Amino acid sequence: MRKIRLLMTTIGLGLVLSGAGLAQQTPVPQIPGSNSTADHSKFEILKKDFKSGPEVTEACLSCHTEADDQVQMHSIHFSWDYTHPETGQKLGKRNVINSFCGSVAGNEPRCTSCHAGYGWEDMNQPPPQQSNAVDCLVCHDRSGNYTKLATGAGHPPLEAKGTTITGAKAWAVDLSKAAQSVGMPGRDNCGNCHFYGGGGDNVKHGDLSSALYDPAHDVDVHMSAVADGGEGMVCSTCHVSDQHKWDGSRYNVHAVDTTGTGKPGQRREVSTCQSCHGTEPHPVNLKGVKLNDHTDKLACQTCHIPSFARGGVPTKTLWDWSTAGKLKAGKPYSEDGYTSSTGKHLHTYLSTKGDFEYGENVQPYYAWFNGQVEYSTIDRKIDPSGVVDVNRINGTPDSPDSRIWPFKRMKGRQAYDSVNNTLVYTHVWGPTTDSAFWTNFDWAKSIKAGMKAAHQPYSGQFDFVDTYMYWPITHMVAPAKDAVDCQDCHAQDGRMQNLAGVFLPGTNPNGPVGLLGKLLVLAALAGVLLHAGLRVFSGKKGTHHD
Amino acid sequence: MTKRCVKVYPRFERLWHWMQVALIMALLFTGLGLNGLHSVIPFGPAVMLHTVAALALLALWVFATFWLFTTGTWKQFIPKIEGMIEVARFYAWGVFRGEDHPYKKLFWRKHNPLQAATYFGLKWFVFPAIWVTGILYLTYNFWGQGAQGTFLISVIANLHLLAAYVIAAFVIVHVYLLTVGHGFRSHVAPMITGYDVIDLTPEQEAYLEKNEPDRLKPAK
C-alpha cells in the first residue's frame with residue numbers, strides 16, 4: 001500500500017515537473033502592442049528624417065485624415081478664440097488681457113510658443129490655415145523628447161540653442177523618434193504648457209504645477225501613482241476628448257452638475273467631479289447624508305481642495321507691474337526674496353516685470369459662481385477708483401445655477417489708458433524692437449506699440465490700477481481625510497465669513513436672538529442667586545422640615 | 001387624612017424624566033457648540049450627536065405622549081388658577097420667613113399650581129417649538145430653495161435657538177427650586193425611588209390598600 005502511494009507521488013511529481021518544463025519551452029504568447037492596435041514605430045512614413053514639425057504633421061495626416069480639421073477648425077487649442085455663448089463677449093487668448101504678461105497681441109512668437117500649431121506670428125491674422133500647421137506632436141509625443149522653443153511661435157528646437165517652453169535649456173529634438181512614439185497624451189504633454197502659464201512653474205493657475213507630473217498622494221488623489229494609493233490618472237482621464245474637443249473652459253465653466261454619471265460611455269462633454277462620482281457622492285450614513293446636503297450650495301472643490309499650490313511649487317499671488325523698469329547703473333536687475341518649501345529661490349523683483357509675491361498651500365478665496373466669466377476686454381470701461389476685476393466671476397446665492405467655488409485671487413497692478421479707462425495691450429517681448437518693455441524699459445513706448453499691434457485706440461495717457469484676477473481651483477484634489485473640516489467654515493471668522501447669501505450655523509452666536517437667549521439665561525441665574533441669597537440672609541433656608 | 005409613603009412616579013415616568021434629562025443636557029451642550037458658543041466637540045461630531053439625541057428625544061416623547069393619554073396622567077398637567085397666588089406669594093415672601101410650602105402634594109395632583117402651569121407651557125409651546133423647528137432644520141434640503149429658503153432657515157434656526165435658551169432657563173430655575181421646601185435630596189429622591197410621602201384621604205388609602213397594595217409602603 002505504502003509502495004503504491006510512493007509510486008503515485010513520484011509519478012505525480014514527475015508530471016508537475018515535466019509540465020513546468022513544457023511551460024518554459026512554450027511561453028504564453030504575448031498580446032502585441034500596448035493599448036493600441038497600431039505600433040507607430042512600424043510605419044514606414046514615420047521613419048523619415050523629418051526636417052520640421054509641419055513635415056511630421058503631413059505624415060500624420062496621411063492616415064488621420066480628419067485630425068487637422070478637428071483641431072484647426074474646431075478646437076480652442078488652435079483658434080485661441082472663443083465667443084461666450086451667454087454674454088457674447090469675444091474671449092480666448094487672442095483677445096483677452098490678463099494680469100500676468102498682459103496680452104498675446106504684440107508679443108506673438110513668445111506667447112504662441114505654446115500654440116498647438118506652427119508659425120502663428122500675428123494675432124491680427126487667424127492662426128495659419130494650411131493643414132500641416134497643426135502640431136500633433138506637442139500633445140501626442142510619448143518619447144518625452146519633443147518640446148517647443150520658448151520664442152519660436154510653436155516650432156520645436158532643432159538645435160541646442162535657446163530655451164524651451166518650460167524654461168529648460170533647449171535640445172535638438174529628434175522628430176523621427178517623436179513621430180514613432182505617438183500615443184494618447186500624458187501629463188507632460190498637457191503640463192509642459194499648462195503648468196508653466198504666465199511665464200513659469202505654477203505662476204498662473206495655482207492648482208496646475210510641475211508637482212503634478214508625479215504628485216504625492218496628499219497632493220492629488222487622482223494623479224498620484226497607484227502604488228502610492230492614488231489612481232494614476234492623466235489629464236485626459238477627466239478631460240475626455242471627443243473629436244479633439246474636451247471640457248475644461250475657464251470662460252464658461254460647468255460650475256454645477258446635477259446630471260451625475262450618466263449612462264455607460266456617456267458624458268464625454270463634461271469633466272465635472274459629478275460625471276464620475278455622481279450627485280450624491282458621500283455614503284448614506286449620518287455624516288454622509290449631511291455632506292450630500294451641502295451639494296446644493298457648494299462645489300465639490302470647495303471642501304476637497306483645502307489649499308492650492310501644494311506639493312512644493314509656489315504660485316504667484318501678486319504681480320505689480322508699476323514698479324518695473326528700475327535699473328541699477330543702467331542695467332536691469334533682480335531680487336530673489338522668496339524661498340520655496342523645497343529651497344528654491346524665486347524672484348521678488350525683476351526690472352522687466354516688477355514686484356512679485358508668492359504663496360504655497362494657499363487658502364482659496366470663495367465666491368458664488370455660475371460658471372460665467374466676464375473679462376475687462378478692451379471694449380469695456382473700467383472704474384480705476386477701485387480694484388478692477390480683470391475677469392469678473394458671475395453667480396448669485398439665490399440661483400440654482402450657482403455654487404460656492406474656490407478661487408485663486410491674483411492681485412495685480414497693471415497699466416491702463418487713463419483717458420479712455422480701458423486696460424491696455426502691452427508690447428513687452430521683442431528683443432529687436434525699440435519699444436518692447438523688456439528691452440527698453442519704457443512704458444509709454446511699450447503701451448503705444450502694444451495698442452498698435454492690437455489695432456486698438458489709445459489716448460497716449462496711462463497710469464496703473466490695482467486688479468484682481470480669478471482662477472477657479474479644481475485640481476489638486478486632496479485625500480478625503482484632508483478635506484476642509486466642518487468647523488473651518490462653521491465658526492466665527494471661518495472661511496466663508498465674507499460670503500453673503502448663505503445661512504451658515506455656528507458663525508454668529510451673538511445675533512439678536514443669541515443675545516436675547518443669553519440674557520434670559522443670565523436673568524434666570526441672577527434671579528436664582530438673588531433668591532438663594534435672600535434665603536441665606538433671612539436665615540430661613542426654605543428647607544423647613546415638619 | 002393620613003400621611004403615607006406612596007409610589008407617585010411609576011417606573012416609566014421616572015425613566016422618561018431621566019432620559020429626558022440626559023438627552024436635553026446633551027442637546028443643550030452640543031447645540032450651544034453648534035451655535036458657536038464653544039468648540040469642545042468638533043462641529044461634525046457635534047452635529048451627529050445632536051441629531052441622534054434629538055431623534056431619540058422625539059421617540060421618547062412619542063412614547064410619553066402615548067403613556068400620558070392611556071394612563072390618564074395627562075390630567076396632572078392641566079393648569080389651575082386655584083392656589084397659584086398662594087404658591088407665588090410663598091416663593092416671593094413666605095420662603096424667606098420660614099413658612100411652610102402652601103401646596104400639599106395630593107395623590108391625583110403631583111404638581112403645585114405654578115409647576116403645573118409651567119409644565120403646561122413647556123409641553124404645549126416650548127417643546128413643540130423646539131421639535132417642530134428642529135425637524136424643519138434637519139429636513140432643510142427637502143424644502144429649502146433659493147433666497148426664500150435661506151430666509152426661512154434663518155428664521156427657523158433663530159426660533160430653535162430661542163426655544164433652547166428658554167429650556168436652559170427653565171432647567172436653571174427647575175433645579176434651584178428643588179432646594180426650596182423640604183430640600184434638594186428629598187425632592188430628588190421620589191423621582192429616583194418613585195415614592196413620596198403624601199396626604200391620603202381615608203377613601204384613597206382604603207382604595208390603594210385593597211386594589212394597589214404595591215403602591216403603598218407599610219404604615220409606620
# chains A, B, ... in the order shown; residues from 1 in each chain; ligands from 1

$ residues_around --residues "region 309-311 of chain A" --least-positions-apart "2" --cutoff "6 Å" --atoms "only C-alpha atoms" --output "MDAnalysis selection string"
chainID A and resid 206:207 211 219 313:315 360:361

$ residues_around --residues "Thr118 (chain B)" --least-positions-apart "5" --cutoff "12 Å" --atoms "only C-alpha atoms" --output "PyMOL selection string"
chain B and resi 77-80+84+111-113+123-127+166-167+170-171+173-174

$ write_last_selection --atoms "C-alpha atoms" --output "PDB file, in the first residue's frame"
ATOM      1  CA  PHE B  77     -50.634  68.626  33.732  1.00  0.00           C
ATOM      2  CA  ILE B  78     -53.771  70.718  33.257  1.00  0.00           C
ATOM      3  CA  PRO B  79     -53.074  74.052  34.954  1.00  0.00           C
ATOM      4  CA  LYS B  80     -55.458  75.520  37.523  1.00  0.00           C
ATOM      5  CA  MET B  84     -51.464  79.753  42.306  1.00  0.00           C
ATOM      6  CA  HIS B 111     -47.641  69.349  40.896  1.00  0.00           C
ATOM      7  CA  ASN B 112     -48.336  72.610  42.628  1.00  0.00           C
ATOM      8  CA  PRO B 113     -50.364  75.091  40.543  1.00  0.00           C
ATOM      9  CA  LYS B 123     -45.307  70.932  26.815  1.00  0.00           C
ATOM     10  CA  TRP B 124     -47.631  72.993  24.667  1.00  0.00           C
ATOM     11  CA  PHE B 125     -45.375  75.790  23.471  1.00  0.00           C
ATOM     12  CA  VAL B 126     -41.651  75.469  24.130  1.00  0.00           C
ATOM     13  CA  PHE B 127     -41.141  71.763  23.405  1.00  0.00           C
ATOM     14  CA  VAL B 166     -35.890  79.171  27.250  1.00  0.00           C
ATOM     15  CA  ILE B 167     -35.350  75.493  28.095  1.00  0.00           C
ATOM     16  CA  PHE B 170     -36.189  76.508  32.804  1.00  0.00           C
ATOM     17  CA  VAL B 171     -33.538  73.936  33.779  1.00  0.00           C
ATOM     18  CA  VAL B 173     -34.953  77.513  37.847  1.00  0.00           C
ATOM     19  CA  HIS B 174     -36.216  73.905  37.977  1.00  0.00           C
TER      20      HIS B 174
END

$ interface_residues --of "chain A" --to "chain B" --cutoff "8 Å" --atoms "only C-alpha atoms" --output "PyMOL selection string"
chain A and resi 286-287+293+397-400+485-487+490-492+501-503+505-509+513-514+516-518+520-521+524-525+528+534-535+538-545

$ atom_distance --atom1 "CA of Glu82 (chain B)" --atom2 "CA of Leu114 (chain B)"
9.8 Å

$ atom_distance --atom1 "CA of His239 (chain A)" --atom2 "CA of Cys60 (chain A)"
23.0 Å

$ select_by_dssp --residues "region 297-483 of chain A" --states "strand (DSSP E or B)" --output "PyMOL selection string"
chain A and resi 298+308+315-320+328+331+334-335+338-339+345-346+349-350+354-359+362+365-369+372-375+388-389+391-393+403-417+422-423+462-472

$ residues_around --residues "Lys408 (chain A)" --least-positions-apart "5" --cutoff "12 Å" --atoms "only C-alpha atoms" --output "MDAnalysis selection string"
chainID A and resid 202:208 302 305:309 315:318 358:367 393 468:475

$ residues_around --residues "Lys7 (chain B)" --least-positions-apart "3" --cutoff "7 Å" --atoms "only C-alpha atoms" --output "list in words"
Pro10, Gly194, Tyr195, Asp196, Arg215 and Leu216 of chain B

$ select_by_dssp --residues "region 277-360 of chain A" --states "alpha helix (DSSP H)" --output "JSON, numbers by chain"
{"A": [277, 286, 287, 288, 289, 290, 291, 292, 293, 300, 301, 302, 303, 304]}
